[in-house]
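model.pdb follows (PDB, C-alpha atoms):
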```pdb
MODEL        1
ATOM      1  CA  MET C 152      -5.169   8.236 -17.178
ATOM      2  CA  LEU C 153      -4.902   8.916 -20.923
ATOM      3  CA  GLY C 154      -7.819  11.321 -20.666
ATOM      4  CA  PHE C 155      -6.036  13.238 -17.897
ATOM      5  CA  VAL C 156      -2.815  13.460 -19.933
ATOM      6  CA  LEU C 157      -4.702  14.787 -22.965
ATOM      7  CA  ARG C 158      -6.395  17.402 -20.801
ATOM      8  CA  VAL C 159      -3.027  18.497 -19.407
ATOM      9  CA  LEU C 160      -1.641  18.826 -22.954
ATOM     10  CA  ALA C 161      -4.660  20.913 -23.952
ATOM     11  CA  ALA C 162      -4.289  23.046 -20.818
ATOM     12  CA  GLY C 163      -0.602  23.655 -21.588
ATOM     13  CA  ALA C 164      -1.470  24.804 -25.114
ATOM     14  CA  VAL C 165      -4.227  27.111 -23.865
ATOM     15  CA  LEU C 166      -1.881  28.535 -21.229
ATOM     16  CA  LEU C 167       0.617  29.459 -23.955
ATOM     17  CA  VAL C 168      -2.063  31.389 -25.836
ATOM     18  CA  ILE C 169      -3.284  33.147 -22.685
ATOM     19  CA  GLN C 170       0.288  34.128 -21.780
ATOM     20  CA  GLY C 171       0.730  35.738 -25.189
ATOM     21  CA  LEU C 172      -2.500  37.680 -24.841
ATOM     22  CA  ALA C 173      -1.624  38.721 -21.275
ATOM     23  CA  ALA C 174       1.799  39.962 -22.395
ATOM     24  CA  GLY C 175       0.177  41.975 -25.195
ATOM     25  CA  LEU C 176      -2.376  43.508 -22.835
ATOM     26  CA  THR C 177       0.312  44.364 -20.283
ATOM     27  CA  ASN C 178       2.440  46.024 -22.951
ATOM     28  CA  ALA C 179      -0.579  48.021 -24.135
ATOM     29  CA  LEU C 180      -1.295  49.252 -20.595
ATOM     30  CA  LEU C 181       2.251  49.818 -19.310
ATOM     31  CA  GLY C 182       4.265  50.165 -22.511
ATOM     32  CA  PRO C 183       6.869  47.751 -23.890
ATOM     33  CA  SER C 184       9.056  46.154 -21.249
ATOM     34  CA  GLY C 185      12.263  46.323 -23.268
ATOM     35  CA  VAL C 186      13.130  42.881 -21.867
ATOM     36  CA  ASP C 187      12.727  39.855 -24.108
ATOM     37  CA  LEU C 188      13.293  36.144 -23.602
ATOM     38  CA  PRO C 189      16.540  34.862 -25.086
ATOM     39  CA  PRO C 190      16.301  33.155 -28.501
ATOM     40  CA  GLY C 191      15.331  29.482 -28.386
ATOM     41  CA  SER C 192      13.214  29.820 -25.229
ATOM     42  CA  LEU C 193       9.943  28.559 -26.738
ATOM     43  CA  GLY C 194      10.611  24.890 -25.993
ATOM     44  CA  GLY C 195      11.359  25.688 -22.366
ATOM     45  CA  VAL C 196       8.204  27.803 -22.087
ATOM     46  CA  VAL C 197       6.068  24.965 -23.507
ATOM     47  CA  LEU C 198       7.617  22.485 -21.055
ATOM     48  CA  SER C 199       7.129  24.971 -18.217
ATOM     49  CA  ASN C 200       3.446  25.317 -19.096
ATOM     50  CA  LEU C 201       2.932  21.549 -19.028
ATOM     51  CA  VAL C 202       4.715  21.321 -15.673
ATOM     52  CA  THR C 203       2.416  24.082 -14.398
ATOM     53  CA  ALA C 204      -0.781  22.613 -15.842
ATOM     54  CA  ALA C 205      -0.305  19.065 -14.491
ATOM     55  CA  PRO C 206      -0.526  19.702 -10.714
ATOM     56  CA  LEU C 207      -3.207  22.377 -11.143
ATOM     57  CA  ALA C 208      -5.256  19.959 -13.257
ATOM     58  CA  TRP C 209      -4.907  17.282 -10.582
ATOM     59  CA  LEU C 210      -5.920  19.812  -7.940
ATOM     60  CA  ALA C 211      -9.034  20.654  -9.989
ATOM     61  CA  LYS C 212      -9.812  16.961 -10.526
ATOM     62  CA  ARG C 213      -9.558  16.080  -6.831
ATOM     63  CA  SER C 214     -11.137  19.251  -5.455
ATOM     64  CA  ARG C 215     -14.316  19.168  -3.408
ATOM     65  CA  LEU C 216     -15.245  22.469  -5.109
ATOM     66  CA  SER C 217     -16.691  23.177  -8.537
ATOM     67  CA  GLY C 218     -17.794  26.103 -10.658
ATOM     68  CA  LEU C 219     -16.844  29.658  -9.769
ATOM     69  CA  ARG C 220     -15.501  28.718  -6.327
ATOM     70  CA  LEU C 221     -13.105  26.217  -7.860
ATOM     71  CA  ALA C 222     -11.944  28.656 -10.557
ATOM     72  CA  GLY C 223     -11.372  31.377  -7.967
ATOM     73  CA  CYS C 224      -9.353  29.101  -5.702
ATOM     74  CA  LEU C 225      -7.288  27.779  -8.614
ATOM     75  CA  ALA C 226      -6.516  31.358  -9.675
ATOM     76  CA  MET C 227      -5.375  32.277  -6.159
ATOM     77  CA  VAL C 228      -3.132  29.220  -5.892
ATOM     78  CA  PHE C 229      -1.682  29.669  -9.388
ATOM     79  CA  PHE C 230      -1.048  33.412  -9.032
ATOM     80  CA  GLY C 231       0.167  33.223  -5.443
ATOM     81  CA  VAL C 232       2.583  30.325  -5.912
ATOM     82  CA  SER C 233       3.844  31.034  -9.433
ATOM     83  CA  THR C 234       3.912  34.835  -9.499
ATOM     84  CA  PHE C 235       3.233  36.783  -6.334
ATOM     85  CA  ASN C 236       5.560  35.162  -3.816
ATOM     86  CA  ASN C 237       8.337  34.613  -6.378
ATOM     87  CA  MET C 238       8.202  38.227  -7.559
ATOM     88  CA  ILE C 239       8.406  39.443  -3.964
ATOM     89  CA  GLU C 240      11.709  37.641  -3.549
ATOM     90  CA  ALA C 241      13.054  38.801  -6.917
ATOM     91  CA  LEU C 242      12.298  42.413  -5.958
ATOM     92  CA  PHE C 243      13.767  41.931  -2.489
ATOM     93  CA  PHE C 244      17.060  40.679  -3.948
ATOM     94  CA  HIS C 245      17.167  43.465  -6.561
ATOM     95  CA  VAL C 246      16.876  41.065  -9.486
ATOM     96  CA  PHE C 247      14.665  43.773 -11.029
ATOM     97  CA  GLY C 248      13.005  47.008  -9.973
ATOM     98  CA  ALA C 249       9.533  48.118  -8.922
ATOM     99  CA  ARG C 250       8.365  48.779 -12.507
ATOM    100  CA  ASP C 251       9.077  45.210 -13.612
ATOM    101  CA  PHE C 252       7.563  43.929 -10.356
ATOM    102  CA  ALA C 253       4.267  45.687 -11.126
ATOM    103  CA  ARG C 254       4.395  44.471 -14.739
ATOM    104  CA  TYR C 255       4.870  40.817 -13.795
ATOM    105  CA  LEU C 256       2.159  40.960 -11.135
ATOM    106  CA  LEU C 257      -0.336  42.341 -13.655
ATOM    107  CA  GLN C 258       0.697  39.860 -16.328
ATOM    108  CA  GLY C 259       0.530  36.971 -13.855
ATOM    109  CA  ALA C 260      -2.949  37.928 -12.668
ATOM    110  CA  VAL C 261      -4.253  38.380 -16.220
ATOM    111  CA  THR C 262      -2.879  34.907 -17.005
ATOM    112  CA  ALA C 263      -4.054  33.086 -13.868
ATOM    113  CA  VAL C 264      -7.711  34.132 -13.877
ATOM    114  CA  PRO C 265      -8.796  33.063 -17.384
ATOM    115  CA  PHE C 266      -6.582  29.959 -17.293
ATOM    116  CA  SER C 267      -8.267  28.804 -14.092
ATOM    117  CA  PHE C 268     -11.692  29.022 -15.742
ATOM    118  CA  VAL C 269     -10.413  27.102 -18.761
ATOM    119  CA  LEU C 270      -8.858  24.440 -16.526
ATOM    120  CA  MET C 271     -12.090  24.098 -14.557
ATOM    121  CA  ALA C 272     -13.964  23.460 -17.827
ATOM    122  CA  LEU C 273     -11.342  21.067 -19.223
ATOM    123  CA  MET C 274     -11.506  18.955 -16.068
ATOM    124  CA  GLY C 275     -15.301  18.812 -16.190
ATOM    125  CA  ARG C 276     -15.748  20.648 -12.899
ATOM    126  CA  MET C 277     -18.060  23.452 -13.989
ATOM    127  CA  ARG C 278     -20.654  21.928 -11.701
ATOM    128  CA  GLY C 279     -21.197  18.667  -9.880
ATOM    129  CA  THR C 280     -20.397  16.765  -6.723
ATOM    130  CA  PRO C 281     -16.969  16.111  -5.205
ATOM    131  CA  PRO C 282     -15.073  13.182  -6.743
ATOM    132  CA  GLY C 283     -15.002  11.118  -3.570
ATOM    133  CA  PRO C 284     -16.122  10.926   0.065
ATOM    134  CA  ALA C 285     -15.011  13.765   2.283
ATOM    135  CA  THR C 286     -12.840  12.997   5.262
ATOM    136  CA  ILE C 287     -13.963  13.901   8.775
ATOM    137  CA  ALA C 288     -11.224  15.807  10.532
ATOM    138  CA  SER C 289     -10.698  16.024  14.245
ATOM    139  CA  PRO C 290     -11.665  19.374  15.703
ATOM    140  CA  GLN C 291      -8.794  21.705  16.489
ATOM    141  CA  GLY C 292      -8.727  24.458  19.043
ATOM    142  CA  ALA C 293      -6.938  27.781  18.895
ATOM    143  CA  GLY C 294      -3.927  26.374  20.749
ATOM    144  CA  SER C 295      -3.511  23.525  18.293
ATOM    145  CA  TRP C 296      -3.684  25.868  15.317
ATOM    146  CA  ALA C 297      -1.239  28.318  16.921
ATOM    147  CA  TRP C 298       1.558  25.791  17.341
ATOM    148  CA  ARG C 299       0.933  24.278  13.900
ATOM    149  CA  LEU C 300       1.151  27.678  12.200
ATOM    150  CA  ALA C 301       4.255  28.660  14.176
ATOM    151  CA  ALA C 302       5.931  25.344  13.374
ATOM    152  CA  ALA C 303       5.045  25.693   9.678
ATOM    153  CA  ASP C 304       6.558  29.186   9.554
ATOM    154  CA  LEU C 305       9.776  28.122  11.273
ATOM    155  CA  LEU C 306       9.973  25.089   8.991
ATOM    156  CA  TYR C 307       9.834  27.352   5.931
ATOM    157  CA  LEU C 308      12.730  29.425   7.245
ATOM    158  CA  ALA C 309      14.725  26.237   7.911
ATOM    159  CA  CYS C 310      14.021  24.853   4.412
ATOM    160  CA  TYR C 311      14.840  28.194   2.803
ATOM    161  CA  LEU C 312      18.136  28.731   4.608
ATOM    162  CA  GLY C 313      19.169  25.080   4.391
ATOM    163  CA  ALA C 314      18.571  24.796   0.646
ATOM    164  CA  GLY C 315      20.172  28.195   0.037
ATOM    165  CA  ASN C 316      23.350  27.182   1.835
ATOM    166  CA  VAL C 317      23.575  23.994  -0.244
ATOM    167  CA  ILE C 318      23.537  25.814  -3.594
ATOM    168  CA  TYR C 319      25.427  28.944  -2.474
ATOM    169  CA  PRO C 320      28.774  27.895  -4.007
ATOM    170  CA  TRP C 321      27.110  27.923  -7.457
ATOM    171  CA  VAL C 322      25.515  31.359  -7.019
ATOM    172  CA  ARG C 323      28.102  33.107  -4.813
ATOM    173  CA  GLU C 324      29.729  35.121  -7.606
ATOM    174  CA  PHE C 325      26.383  36.363  -8.929
ATOM    175  CA  TYR C 326      25.104  37.597  -5.559
ATOM    176  CA  GLU C 327      28.407  38.929  -4.224
ATOM    177  CA  SER C 328      28.381  41.466  -7.061
ATOM    178  CA  ARG C 329      24.991  42.835  -5.941
ATOM    179  CA  SER C 330      23.868  44.961  -3.019
ATOM    180  CA  LEU C 331      21.946  42.542  -0.791
ATOM    181  CA  PRO C 332      19.942  42.974   2.428
ATOM    182  CA  SER C 333      21.453  41.768   5.687
ATOM    183  CA  GLN C 334      21.066  38.138   6.767
ATOM    184  CA  ALA C 335      18.736  39.225   9.579
ATOM    185  CA  LEU C 336      16.501  41.113   7.137
ATOM    186  CA  ILE C 337      16.467  38.138   4.749
ATOM    187  CA  ALA C 338      15.397  35.814   7.560
ATOM    188  CA  ALA C 339      12.736  38.259   8.755
ATOM    189  CA  MET C 340      11.289  38.593   5.251
ATOM    190  CA  GLN C 341      10.958  34.822   4.893
ATOM    191  CA  LEU C 342       9.564  34.396   8.400
ATOM    192  CA  PHE C 343       7.029  37.234   8.434
ATOM    193  CA  TRP C 344       6.123  37.615   4.767
ATOM    194  CA  ARG C 345       6.831  34.801   2.300
ATOM    195  CA  GLY C 346       6.385  31.983   4.807
ATOM    196  CA  PRO C 347       2.891  33.062   5.921
ATOM    197  CA  ILE C 348       1.835  33.555   2.285
ATOM    198  CA  PHE C 349       2.893  30.017   1.379
ATOM    199  CA  ILE C 350       1.169  28.669   4.487
ATOM    200  CA  ALA C 351      -2.093  30.397   3.530
ATOM    201  CA  LEU C 352      -1.895  29.047  -0.030
ATOM    202  CA  MET C 353      -1.146  25.504   1.098
ATOM    203  CA  LEU C 354      -3.989  25.666   3.624
ATOM    204  CA  LEU C 355      -6.235  26.562   0.709
ATOM    205  CA  VAL C 356      -4.955  23.521  -1.214
ATOM    206  CA  VAL C 357      -5.535  21.288   1.813
ATOM    207  CA  ARG C 358      -9.124  22.520   2.144
ATOM    208  CA  MET C 359      -9.736  22.034  -1.593
ATOM    209  CA  VAL C 360      -8.472  18.461  -1.915
ATOM    210  CA  ASP C 361     -11.052  15.786  -1.214
ATOM    211  CA  GLY C 362      -8.657  13.064  -0.131
ATOM    212  CA  ASP C 363      -6.775  11.582   2.779
ATOM    213  CA  ARG C 364      -3.728  12.995   4.502
ATOM    214  CA  TRP C 365      -1.293  11.406   2.047
ATOM    215  CA  GLU C 366      -3.064  12.764  -1.020
ATOM    216  CA  LYS C 367      -3.288  16.261   0.410
ATOM    217  CA  ALA C 368       0.460  16.165   1.126
ATOM    218  CA  ALA C 369       1.230  14.891  -2.387
ATOM    219  CA  VAL C 370      -0.902  17.534  -4.120
ATOM    220  CA  ALA C 371       0.409  20.380  -1.944
ATOM    221  CA  GLY C 372       4.041  19.323  -2.387
ATOM    222  CA  ALA C 373       3.676  18.912  -6.160
ATOM    223  CA  THR C 374       1.879  22.246  -6.538
ATOM    224  CA  LEU C 375       4.426  24.229  -4.558
ATOM    225  CA  SER C 376       7.389  22.437  -6.166
ATOM    226  CA  LEU C 377       6.305  22.316  -9.809
ATOM    227  CA  VAL C 378       4.256  25.527 -10.114
ATOM    228  CA  GLY C 379       6.413  27.650  -7.817
ATOM    229  CA  GLY C 380       9.857  26.065  -8.265
ATOM    230  CA  PHE C 381      10.577  24.102 -11.414
ATOM    231  CA  ALA C 382       8.218  25.714 -13.941
ATOM    232  CA  PRO C 383       9.349  29.377 -13.629
ATOM    233  CA  LEU C 384      13.019  28.395 -14.025
ATOM    234  CA  LEU C 385      12.808  25.821 -16.830
ATOM    235  CA  PHE C 386      13.482  28.370 -19.586
ATOM    236  CA  PRO C 387      16.205  31.046 -19.878
ATOM    237  CA  ASN C 388      15.421  34.515 -18.606
ATOM    238  CA  PRO C 389      17.253  37.837 -18.966
ATOM    239  CA  TYR C 390      17.791  38.238 -15.217
ATOM    240  CA  LEU C 391      19.614  35.076 -14.125
ATOM    241  CA  PRO C 392      22.639  33.445 -15.782
ATOM    242  CA  ASP C 393      22.019  29.797 -16.652
ATOM    243  CA  GLN C 394      24.210  28.450 -13.843
ATOM    244  CA  VAL C 395      22.339  30.533 -11.261
ATOM    245  CA  ARG C 396      18.963  29.641 -12.776
ATOM    246  CA  TRP C 397      19.635  25.892 -12.714
ATOM    247  CA  ALA C 398      20.971  26.062  -9.169
ATOM    248  CA  HIS C 399      17.818  27.845  -8.014
ATOM    249  CA  LEU C 400      15.630  25.407  -9.961
ATOM    250  CA  PHE C 401      16.912  22.442  -7.970
ATOM    251  CA  GLU C 402      17.062  24.435  -4.731
ATOM    252  CA  VAL C 403      13.497  25.739  -4.859
ATOM    253  CA  GLY C 404      11.995  22.701  -6.568
ATOM    254  CA  ILE C 405      13.242  20.223  -3.980
ATOM    255  CA  SER C 406      12.812  22.402  -0.880
ATOM    256  CA  ASN C 407       9.281  23.424  -1.954
ATOM    257  CA  LEU C 408       8.344  19.770  -2.490
ATOM    258  CA  ILE C 409       9.437  18.899   1.035
ATOM    259  CA  TYR C 410       7.883  21.999   2.545
ATOM    260  CA  GLY C 411       4.536  21.776   0.738
ATOM    261  CA  ALA C 412       4.072  18.128   1.686
ATOM    262  CA  ALA C 413       5.125  18.782   5.290
ATOM    263  CA  ILE C 414       2.697  21.685   5.679
ATOM    264  CA  ALA C 415      -0.215  19.696   4.280
ATOM    265  CA  TRP C 416       0.586  16.800   6.605
ATOM    266  CA  LEU C 417       0.924  19.121   9.586
ATOM    267  CA  MET C 418      -2.312  20.967   8.820
ATOM    268  CA  THR C 419      -4.364  17.809   8.192
ATOM    269  CA  PRO C 420      -5.257  16.054  11.438
ATOM    270  CA  PRO C 421      -5.995  12.344  11.205
ATOM    271  CA  PRO C 422      -9.715  11.658  10.649
ATOM    272  CA  ARG C 423     -11.809  10.496  13.539
ATOM    273  CA  PRO C 424     -13.734   7.279  12.965
ATOM    274  CA  VAL C 425     -17.326   7.963  11.960
ATOM    275  CA  ALA C 426     -18.549   5.424  14.524
ATOM    276  CA  ALA C 427     -16.757   7.283  17.310
ATOM    277  CA  LEU C 428     -18.341  10.557  16.221
ATOM    278  CA  ALA C 429     -21.781   8.933  16.154
ATOM    279  CA  GLY C 430     -21.226   7.518  19.625
ATOM    280  CA  SER C 431     -20.123  10.842  21.038
ATOM    281  CA  SER C 432     -23.165  12.556  19.483
ATOM    282  CA  ALA C 433     -25.451   9.989  21.051
TER     283      ALA C 433
ENDMDL
END
```
So, in terms of C-alpha cells, how does the structure I just supplied come out?
Amino acid sequence: MLGFVLRVLAAGAVLLVIQGLAAGLTNALLGPSGVDLPPGSLGGVVLSNLVTAAPLAWLAKRSRLSGLRLAGCLAMVFFGVSTFNNMIEALFFHVFGARDFARYLLQGAVTAVPFSFVLMALMGRMRGTPPGPATIASPQGAGSWAWRLAAADLLYLACYLGAGNVIYPWVREFYESRSLPSQALIAAMQLFWRGPIFIALMLLVVRMVDGDRWEKAAVAGATLSLVGGFAPLLFPNPYLPDQVRWAHLFEVGISNLIYGAAIAWLMTPPPRPVAALAGSSA
C-alpha cells in the first residue's frame, strides 16, 4: 500500500510538470490565452493532480493490459473524462467560447498522452501479465446489449437532471444572467452526446479492469467521480464564482460516482462457473 501511495505522489508531481509544459506549448501554438488562474491556486492544482492520479494509477495497476495498449487506453480515459466531455458542457452553457474550447482540448490532449506513458511506467506495467485471473463473462446478444445501453443512457439523464435540480438554488443567480439553451435542448445534448461518450469510456474501463463486478464498479465510479468531477473543480478558475464551483463539485462528484458504478455493474454480467462452461463444451 505504501508503494502505491508513493507512486501516486510521484505521478501527481510529474503531472504538474507536464501540465506546465503543455500550457507553454499551447500558448506557443495558439498565442497567450489572456486567462490566468487566480492567485493562490497552486495548492488546489497540486491536490487536484493527486486526486486525478490516484484512480488512474489504480486502473493501471488492475488492468489486464500493459505496454502501449495500456498507455493508449489510459490516455483516452483521462482525456475523455477530465477534458473532452467537460469542455463540451462548458461550451454548451457558454461558460467560454470556441477559441478557449479548442485551446483546452489541445492542452488536455498534450497532457493526457505523455502522462499516461509515465503512469504506465510508474506502475510497472510496461510489459507483463495481468495482475490476477480474468473473469469469464456470460455471453450477451444484441438484444441484451441494446437494453443495457439504452438504460445506461437514460440513467445518465436522470442523474444529470436530478443532481442539477438539487444544487440549482446555489447556482440560479449565475445561470439566470446568461443566455442558456432550452430545457429540451439540454436534455437532448445529455442523452445523445455526453451520455453516450461517458458510456463508451466506462465500457473501456470495464474491459480494462481485471477484477470482479464489484471492483469494476468501484474503479469506474472512482474514475468518473474523481477525474471528471472533483479534480477539475478543486481549485479556483476564472469562469465560475466559488459558490458555483463548489456546488458543481459536489453535484458532479457525487452523481458521477453513482453513475460510473451503476454503468460498470450494468455492463458486467455475472461470471458463469468454469465447470458449467466446460460441461456445455463437452
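Using all atoms listed in the file, the shortest contact distance between C:Arg220 and any of C:Ala415, C:Leu300, C:Ala173, C:Met277 is found at C:Met277.
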Find, counting only C-alpha atoms, the residue in C:Ala179, C:Met359, C:Ser184, C:Ala351 that gets nearest to C:Ala222.
C:Met359
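Note that atom CA of C:Leu312 and atom CA of C:Arg250 are 28.1 Å apart.
Here the PyMOL selection byres ((chain C and resi 407-409) around 7) captures the residues C:Gly372, C:Ala373, C:Leu375, C:Ser376, C:Gly380, C:Val403, C:Gly404, C:Ile405, C:Ser406, C:Tyr410, C:Gly411, C:Ala412, C:Ala413.
If you apply the PyMOL selection byres ((chain C and resi 370) around 9) to this structure, you end up with Pro206, Leu207, Trp209, Leu210, Val356, Val357, Val360, Trp365, Glu366, Lys367, Ala368, Ala369, Ala371, Gly372, Ala373, Thr374, Leu375, Gly411, Ala412 and Ala415 of chain C.
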For the residues in the current selection, export C-alpha atoms as an mmCIF file, in the coordinates of the input.
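Output below, filename again-v3.cif:
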```cif
data_model
loop_
_atom_site.group_PDB
_atom_site.id
_atom_site.type_symbol
_atom_site.label_atom_id
_atom_site.label_comp_id
_atom_site.auth_asym_id
_atom_site.auth_seq_id
_atom_site.Cartn_x
_atom_site.Cartn_y
_atom_site.Cartn_z
ATOM 1 C CA PRO C 206 -0.526 19.702 -10.714
ATOM 2 C CA LEU C 207 -3.207 22.377 -11.143
ATOM 3 C CA TRP C 209 -4.907 17.282 -10.582
ATOM 4 C CA LEU C 210 -5.920 19.812 -7.940
ATOM 5 C CA VAL C 356 -4.955 23.521 -1.214
ATOM 6 C CA VAL C 357 -5.535 21.288 1.813
ATOM 7 C CA VAL C 360 -8.472 18.461 -1.915
ATOM 8 C CA TRP C 365 -1.293 11.406 2.047
ATOM 9 C CA GLU C 366 -3.064 12.764 -1.020
ATOM 10 C CA LYS C 367 -3.288 16.261 0.410
ATOM 11 C CA ALA C 368 0.460 16.165 1.126
ATOM 12 C CA ALA C 369 1.230 14.891 -2.387
ATOM 13 C CA ALA C 371 0.409 20.380 -1.944
ATOM 14 C CA GLY C 372 4.041 19.323 -2.387
ATOM 15 C CA ALA C 373 3.676 18.912 -6.160
ATOM 16 C CA THR C 374 1.879 22.246 -6.538
ATOM 17 C CA LEU C 375 4.426 24.229 -4.558
ATOM 18 C CA GLY C 411 4.536 21.776 0.738
ATOM 19 C CA ALA C 412 4.072 18.128 1.686
ATOM 20 C CA ALA C 415 -0.215 19.696 4.280
#
```
Using all atoms listed in the file, the shortest atom-to-atom distance to C:Pro389 among C:Asp187, C:Gly154, C:Ala161, C:Leu273 belongs to C:Asp187
Coordinates-based distance that separates atom CA of C:Leu305 from atom CA of C:Leu342 (Å, one decimal)
6.9 Å
In terms of only C-alpha atoms, the residue from C:Gln334, C:Ala204, C:Leu417, C:Ala226 at minimal distance from C:Val156 is C:Ala204
The PyMOL selection byres ((chain C and resi 361) around 6) on the file shown: which residues, as a ChimeraX atom specification?
/C:213-215,285,360,362
Can you tell me, as a compact mmCIF listing (two decimals) with C-alpha atoms, in the coordinates of the input, what residues are no more than 9 Å from C:Met238 when counting only C-alpha atoms, ignoring any on the same chain fewer than 4 positions away?
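Okay, this is what ended up in part-v3.txt:
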```txt
# COMPACT_ATOMS: atom_id res chain seq x y z
CA SER C 233 3.84 31.03 -9.43
CA THR C 234 3.91 34.84 -9.50
CA LEU C 242 12.30 42.41 -5.96
CA PHE C 243 13.77 41.93 -2.49
CA PHE C 252 7.56 43.93 -10.36
CA TYR C 255 4.87 40.82 -13.80
CA LEU C 256 2.16 40.96 -11.14
```
Selection: 12 Å around C:Glu324, only C-alpha atoms, excl. self and same-chain fewer than 6 positions, as a PDB file with C-alpha atoms, keeping the file's coordinate frame:
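What follows is the written file result.pdb:
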```pdb
ATOM      1  CA  ILE C 318      23.537  25.814  -3.594  1.00  0.00           C
ATOM      2  CA  PRO C 392      22.639  33.445 -15.782  1.00  0.00           C
ATOM      3  CA  GLN C 394      24.210  28.450 -13.843  1.00  0.00           C
ATOM      4  CA  VAL C 395      22.339  30.533 -11.261  1.00  0.00           C
TER       5      VAL C 395
END
```
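For the atom pair formed by atom CA of C:Pro183 and atom CA of C:His399, the distance is 27.7 Å, given to one decimal.
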Could you list, as number ranges by chain, every residue within 12 Å of C:Ile239, counting only C-alpha atoms and ignoring same-chain residues fewer than 2 positions away?
C: 231-237, 241-249, 251-253, 255-256, 337, 340-341, 344-346, 348
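Using only C-alpha atoms, the shortest contact distance between C:Leu198 and any of C:Thr419, C:Ala162, C:Leu180, C:Arg276 is found at C:Ala162.
Ranking C:Ala302, C:Ala338, C:Leu193, C:Leu201 by their shortest atom-to-atom distance to C:Gly315, with only C-alpha atoms included, puts C:Ala338 first.
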